[in-house]
Each structure stands twice: as C-alpha cells, then as structure tokens.
>>> print(open('run_12.pdb').read())   # PDB, C-alpha atoms
ATOM      1  CA  MET A 956       0.000   0.000   0.000
ATOM      2  CA  THR A 957       1.364   3.413  -0.910
ATOM      3  CA  THR A 958       1.953   6.173   1.573
ATOM      4  CA  THR A 959      -0.843   8.227  -0.019
ATOM      5  CA  ALA A 960      -3.303   5.318   0.222
ATOM      6  CA  THR A 961      -2.286   4.647   3.834
ATOM      7  CA  ALA A 962      -2.751   8.313   4.746
ATOM      8  CA  ALA A 963      -6.169   8.391   3.040
ATOM      9  CA  LEU A 964      -7.248   5.226   4.861
ATOM     10  CA  GLN A 965      -6.089   6.641   8.192
ATOM     11  CA  LYS A 966      -8.050   9.833   7.527
ATOM     12  CA  VAL A 967     -11.212   7.840   6.724
ATOM     13  CA  LEU A 968     -10.743   5.749   9.861
ATOM     14  CA  ARG A 969     -10.293   8.879  12.019
ATOM     15  CA  LEU A 970     -13.463  10.387  10.533
ATOM     16  CA  TRP A 971     -15.304   7.122  11.174
ATOM     17  CA  ALA A 972     -14.078   7.074  14.781
ATOM     18  CA  ARG A 973     -15.370  10.644  15.306
ATOM     19  CA  LEU A 974     -18.726   9.767  13.756
ATOM     20  CA  SER A 975     -18.962   6.646  15.925
ATOM     21  CA  SER A 976     -18.140   8.689  19.001
ATOM     22  CA  ALA A 977     -20.823  11.245  18.109
ATOM     23  CA  LEU A 978     -23.375   8.471  17.608
ATOM     24  CA  ASP A 979     -22.366   6.879  20.931
ATOM     25  CA  SER A 980     -23.049  10.190  22.679
ATOM     26  CA  LEU A 981     -26.640  10.065  21.354
ATOM     27  CA  GLN A 982     -27.393   6.687  22.971
ATOM     28  CA  PRO A 983     -28.795   8.051  26.261
ATOM     29  CA  ALA A 984     -31.149  10.418  24.415
ATOM     30  CA  ALA A 985     -32.240   7.676  22.016
ATOM     31  CA  ALA A 986     -32.974   5.264  24.873
ATOM     32  CA  LEU A 987     -34.946   7.958  26.719
ATOM     33  CA  ALA A 988     -36.911   8.809  23.574
ATOM     34  CA  ALA A 989     -37.729   5.133  23.019
ATOM     35  CA  ARG A 990     -38.798   4.744  26.657
ATOM     36  CA  ILE A 991     -41.051   7.801  26.509
ATOM     37  CA  TYR A 992     -42.581   6.895  23.146
ATOM     38  CA  VAL A 993     -43.448   3.285  23.895
ATOM     39  CA  GLY A 994     -44.365   4.049  27.508
ATOM     40  CA  GLN A 995     -46.889   6.652  26.372
ATOM     41  CA  VAL A 996     -48.475   4.217  23.905
ATOM     42  CA  PHE A 997     -49.122   1.582  26.561
ATOM     43  CA  PHE A 998     -50.060   4.011  29.349
ATOM     44  CA  LEU A 999     -52.711   5.691  27.179
ATOM     45  CA  SER A1000     -54.056   2.264  26.241
ATOM     46  CA  GLY A1001     -54.368   1.424  29.939
ATOM     47  CA  LEU A1002     -56.205   4.683  30.626
ATOM     48  CA  THR A1003     -58.625   3.887  27.804
ATOM     49  CA  LYS A1004     -59.375   0.531  29.406
ATOM     50  CA  LEU A1005     -60.052   2.196  32.774
ATOM     51  CA  ARG A1006     -62.559   4.677  31.315
ATOM     52  CA  ASP A1007     -65.202   1.997  30.875
ATOM     53  CA  TRP A1008     -64.370  -1.162  32.728
ATOM     54  CA  ASP A1009     -67.502  -3.002  31.592
ATOM     55  CA  ILE A1010     -66.550  -2.503  27.937
ATOM     56  CA  THR A1011     -62.976  -3.567  28.700
ATOM     57  CA  VAL A1012     -64.139  -6.838  30.277
ATOM     58  CA  ALA A1013     -66.556  -7.360  27.369
ATOM     59  CA  LEU A1014     -63.682  -6.893  24.911
ATOM     60  CA  PHE A1015     -61.572  -9.428  26.782
ATOM     61  CA  THR A1016     -64.560 -11.785  26.768
ATOM     62  CA  ASP A1017     -65.542 -11.442  23.110
ATOM     63  CA  GLU A1018     -62.633  -9.976  21.139
ATOM     64  CA  TYR A1019     -59.354 -10.681  22.909
ATOM     65  CA  LYS A1020     -58.875 -14.403  23.377
ATOM     66  CA  VAL A1021     -56.107 -14.406  25.977
ATOM     67  CA  PRO A1022     -54.999 -18.011  26.442
ATOM     68  CA  LEU A1023     -55.238 -19.683  29.866
ATOM     69  CA  LEU A1024     -56.809 -16.752  31.735
ATOM     70  CA  PRO A1025     -60.429 -15.897  32.513
ATOM     71  CA  PRO A1026     -61.433 -12.668  30.698
ATOM     72  CA  ALA A1027     -61.852 -10.547  33.859
ATOM     73  CA  LEU A1028     -58.420 -11.570  35.170
ATOM     74  CA  ALA A1029     -56.818 -11.001  31.759
ATOM     75  CA  ALA A1030     -58.442  -7.543  31.603
ATOM     76  CA  PHE A1031     -57.176  -6.674  35.082
ATOM     77  CA  MET A1032     -53.648  -7.952  34.455
ATOM     78  CA  GLY A1033     -53.394  -6.309  31.036
ATOM     79  CA  THR A1034     -54.669  -2.974  32.307
ATOM     80  CA  ALA A1035     -52.436  -3.054  35.383
ATOM     81  CA  GLY A1036     -49.442  -3.869  33.200
ATOM     82  CA  GLU A1037     -50.288  -1.030  30.826
ATOM     83  CA  LEU A1038     -50.512   1.454  33.708
ATOM     84  CA  VAL A1039     -47.624   0.420  35.985
ATOM     85  CA  LEU A1040     -44.941  -0.842  33.596
ATOM     86  CA  PRO A1041     -44.853   2.272  31.358
ATOM     87  CA  VAL A1042     -44.263   4.523  34.382
ATOM     88  CA  LEU A1043     -41.347   2.330  35.449
ATOM     89  CA  LEU A1044     -40.062   2.249  31.861
ATOM     90  CA  VAL A1045     -40.143   6.029  31.394
ATOM     91  CA  LEU A1046     -38.338   6.516  34.702
ATOM     92  CA  GLY A1047     -35.865   3.806  33.796
ATOM     93  CA  LEU A1048     -36.631   2.151  37.126
ATOM     94  CA  ALA A1049     -36.421  -1.628  36.795
ATOM     95  CA  GLY A1050     -36.035  -0.699  33.140
ATOM     96  CA  ARG A1051     -35.252  -4.133  31.752
ATOM     97  CA  PHE A1052     -38.018  -5.737  33.807
ATOM     98  CA  SER A1053     -40.578  -3.174  32.629
ATOM     99  CA  ALA A1054     -39.434  -3.488  29.004
ATOM    100  CA  LEU A1055     -39.752  -7.279  29.189
ATOM    101  CA  GLY A1056     -43.146  -6.979  30.874
ATOM    102  CA  LEU A1057     -44.456  -4.657  28.180
ATOM    103  CA  PHE A1058     -42.950  -6.926  25.527
ATOM    104  CA  VAL A1059     -45.094  -9.745  26.942
ATOM    105  CA  VAL A1060     -48.194  -7.487  27.077
ATOM    106  CA  ASN A1061     -47.543  -6.531  23.450
ATOM    107  CA  ALA A1062     -47.052 -10.145  22.348
ATOM    108  CA  VAL A1063     -50.206 -11.299  24.158
ATOM    109  CA  ALA A1064     -52.155  -8.483  22.496
ATOM    110  CA  VAL A1065     -51.066  -9.673  19.053
ATOM    111  CA  ILE A1066     -51.637 -13.354  19.841
ATOM    112  CA  SER A1067     -55.023 -12.824  21.462
ATOM    113  CA  LEU A1068     -56.588 -10.890  18.588
ATOM    114  CA  SER A1069     -58.265 -13.180  16.102
ATOM    115  CA  GLU A1070     -57.754 -10.619  13.340
ATOM    116  CA  ILE A1071     -55.308  -7.737  13.257
ATOM    117  CA  ALA A1072     -54.958  -5.165  10.493
ATOM    118  CA  PRO A1073     -51.556  -5.119   8.775
ATOM    119  CA  ALA A1074     -50.896  -1.520   9.895
ATOM    120  CA  ALA A1075     -51.699  -2.412  13.510
ATOM    121  CA  LEU A1076     -49.441  -5.465  13.296
ATOM    122  CA  GLN A1077     -46.607  -3.252  12.029
ATOM    123  CA  GLN A1078     -47.086  -0.935  15.020
ATOM    124  CA  HIS A1079     -46.926  -3.874  17.407
ATOM    125  CA  ILE A1080     -43.771  -5.141  15.698
ATOM    126  CA  PHE A1081     -42.190  -1.681  16.011
ATOM    127  CA  TRP A1082     -43.116  -1.447  19.703
ATOM    128  CA  GLY A1083     -41.819  -4.965  20.249
ATOM    129  CA  ALA A1084     -38.510  -4.099  18.597
ATOM    130  CA  LEU A1085     -38.105  -0.988  20.776
ATOM    131  CA  LEU A1086     -38.958  -2.968  23.897
ATOM    132  CA  ALA A1087     -36.587  -5.782  22.937
ATOM    133  CA  GLY A1088     -33.794  -3.250  22.421
ATOM    134  CA  LEU A1089     -34.463  -1.669  25.813
ATOM    135  CA  ALA A1090     -34.538  -5.080  27.482
ATOM    136  CA  ILE A1091     -31.312  -6.195  25.800
ATOM    137  CA  TYR A1092     -29.287  -2.974  26.091
ATOM    138  CA  GLY A1093     -30.938  -1.561  29.204
ATOM    139  CA  PRO A1094     -32.723   1.745  29.752
ATOM    140  CA  GLY A1095     -29.608   3.838  29.128
ATOM    141  CA  ALA A1096     -27.486   6.301  31.043
ATOM    142  CA  TRP A1097     -30.377   8.672  31.696
ATOM    143  CA  SER A1098     -32.310   6.257  33.901
ATOM    144  CA  MET A1099     -33.062   5.692  37.558
ATOM    145  CA  ASP A1100     -31.435   2.271  37.241
ATOM    146  CA  ARG A1101     -28.115   3.860  36.282
ATOM    147  CA  TRP A1102     -28.396   6.376  39.133
ATOM    148  CA  LEU A1103     -29.515   3.874  41.779
ATOM    149  CA  ALA A1104     -27.283   0.890  40.975
ATOM    150  CA  PRO A1105     -24.016   2.338  42.377
ATOM    151  CA  ARG A1106     -25.798   3.552  45.503
ATOM    152  CA  ILE A1107     -27.393   0.170  46.140
ATOM    153  CA  MET A1108     -24.142  -1.705  45.504
ATOM    154  CA  ARG A1109     -22.295   0.501  48.030
ATOM    155  CA  GLY A1110     -24.840   0.226  50.763
TER     156      GLY A1110
END
>>> encode(input="run_12.pdb", output="structure tokens")
Amino acid sequence: MTTTATAALQKVLRLWARLSSALDSLQPAAALAARIYVGQVFFLSGLTKLRDWDITVALFTDEYKVPLLPPALAAFMGTAGELVLPVLLVLGLAGRFSALGLFVVNAVAVISLSEIAPAALQQHIFWGALLAGLAIYGPGAWSMDRWLAPRIMRG
C-alpha cells in the first residue's frame, strides 16, 4: 500500500471514529426517547381501558382471546401492566423488567386478537422491537437504574 493510500485510509478511519463517538453520545437520548414513546403508547391504552371497565371486560370476553386466563383476570392484568410498567419504563426504574413486561403485554395483544390489520401489526412489531432493544441494552445512562445501581451496591 502506498503512503498516499495509507494516509487516506487513516483519515477515513479517524473520521469514522469521530462519527462513531458522536453516535455513541446520542445513545442516552435515544434510549430515553424510546422509553417515553413506547411508555406513552401503553399508558394511554391502559387509561382507555379504565374509562369503561364493563366494555374492557366485554372486549376481553368477546374480542381478545387471551390463552389460559379468565377474561376478567386477563383484563385486570393487562390494564395493570399497561398502567404500571410504562411509568417504570419512562423513569428507567427496573427498566429491563418493565421493558420485558411490556414486551409480553404486546405479544399477548397480538396473539389474542383473532384478526389484526396489517398496519396495527406493524405498530406492534415496532413497539416490540423498541422494547426488545431496551430489554437487551438496558434503559440507558439517563435512567433511575443507572443512578440507583451504584448507591445500592455501596450500601
């Protein structure tokens, strides 16, 4: 390799390293944005279920065929999960647990619907991918988990 080619390659690699470093610095903001976005989706869904509990139970009886659970229990568990887990997720408190919990809620929602529109399925896939990423990589640097962990480990 010539000196000119080596110098050009080194320049490209330095530029790539700077770009990678800049992208790395965006990770906490991206994780927070993902937590807020998906948390809002599920929290608002939970609020909708609370507005008219009789309709919610009727939906779980007639529309949502949750396997292994009686409709009233499935409605309660789903609604509770949609109200508690998003708050934990947005705070980044038990972030991986809440992401996994919402991933399960999301998967059960898709499985339990006898018919789902393609656009709705795509939304659920997108939410599932965000939740899987948060479960795998954690809630990020801007989370209660990151703040609390060192304090708990010390004490």
>>> resolve_selection(input="run_12.pdb", expression="the PyMOL selection byres ((chain A and resi 1064) around 12)", output="compact mmCIF listing (two decimals) with C-alpha atoms, in the frame of the given file")
# COMPACT_ATOMS: atom_id res chain seq x y z
CA PHE A 997 -49.12 1.58 26.56
CA SER A 1000 -54.06 2.26 26.24
CA LEU A 1014 -63.68 -6.89 24.91
CA PHE A 1015 -61.57 -9.43 26.78
CA GLU A 1018 -62.63 -9.98 21.14
CA TYR A 1019 -59.35 -10.68 22.91
CA LYS A 1020 -58.88 -14.40 23.38
CA VAL A 1021 -56.11 -14.41 25.98
CA PRO A 1022 -55.00 -18.01 26.44
CA ALA A 1029 -56.82 -11.00 31.76
CA ALA A 1030 -58.44 -7.54 31.60
CA GLY A 1033 -53.39 -6.31 31.04
CA THR A 1034 -54.67 -2.97 32.31
CA GLY A 1036 -49.44 -3.87 33.20
CA GLU A 1037 -50.29 -1.03 30.83
CA LEU A 1057 -44.46 -4.66 28.18
CA PHE A 1058 -42.95 -6.93 25.53
CA VAL A 1059 -45.09 -9.74 26.94
CA VAL A 1060 -48.19 -7.49 27.08
CA ASN A 1061 -47.54 -6.53 23.45
CA ALA A 1062 -47.05 -10.14 22.35
CA VAL A 1063 -50.21 -11.30 24.16
CA VAL A 1065 -51.07 -9.67 19.05
CA ILE A 1066 -51.64 -13.35 19.84
CA SER A 1067 -55.02 -12.82 21.46
CA LEU A 1068 -56.59 -10.89 18.59
CA SER A 1069 -58.26 -13.18 16.10
CA GLU A 1070 -57.75 -10.62 13.34
CA ILE A 1071 -55.31 -7.74 13.26
CA ALA A 1075 -51.70 -2.41 13.51
CA LEU A 1076 -49.44 -5.46 13.30
CA GLN A 1078 -47.09 -0.94 15.02
CA HIS A 1079 -46.93 -3.87 17.41
CA ILE A 1080 -43.77 -5.14 15.70
CA TRP A 1082 -43.12 -1.45 19.70
CA GLY A 1083 -41.82 -4.96 20.25
>>> atom_distance(input="run_12.pdb", atom1="CA of Ala1096 in chain A", atom2="CA of Arg990 in chain A")
12.2 Å
>>> atom_distance(input="run_12.pdb", atom1="CA of Ala1104 in chain A", atom2="CA of Leu1046 in chain A")
13.9 Å
>>> residues_around(input="run_12.pdb", residues="Leu1044 in chain A", least_positions_apart="3", cutoff="10 Å", atoms="only C-alpha atoms", output="JSON, numbers by chain")
{"A": [987, 989, 990, 991, 993, 994, 995, 1039, 1040, 1041, 1047, 1048, 1049, 1050, 1051, 1052, 1053, 1054, 1055, 1056, 1057, 1086, 1089, 1094, 1098, 1099]}
>>> closest_residue(input="run_12.pdb", among="A:Ile1010, A:Tyr992, A:Met956, A:Phe1031", to="Leu1085 in chain A", atoms="only C-alpha atoms")
A:Tyr992
>>> atom_distance(input="run_12.pdb", atom1="CA of Thr1011 in chain A", atom2="CA of Ala1027 in chain A")
8.8 Å
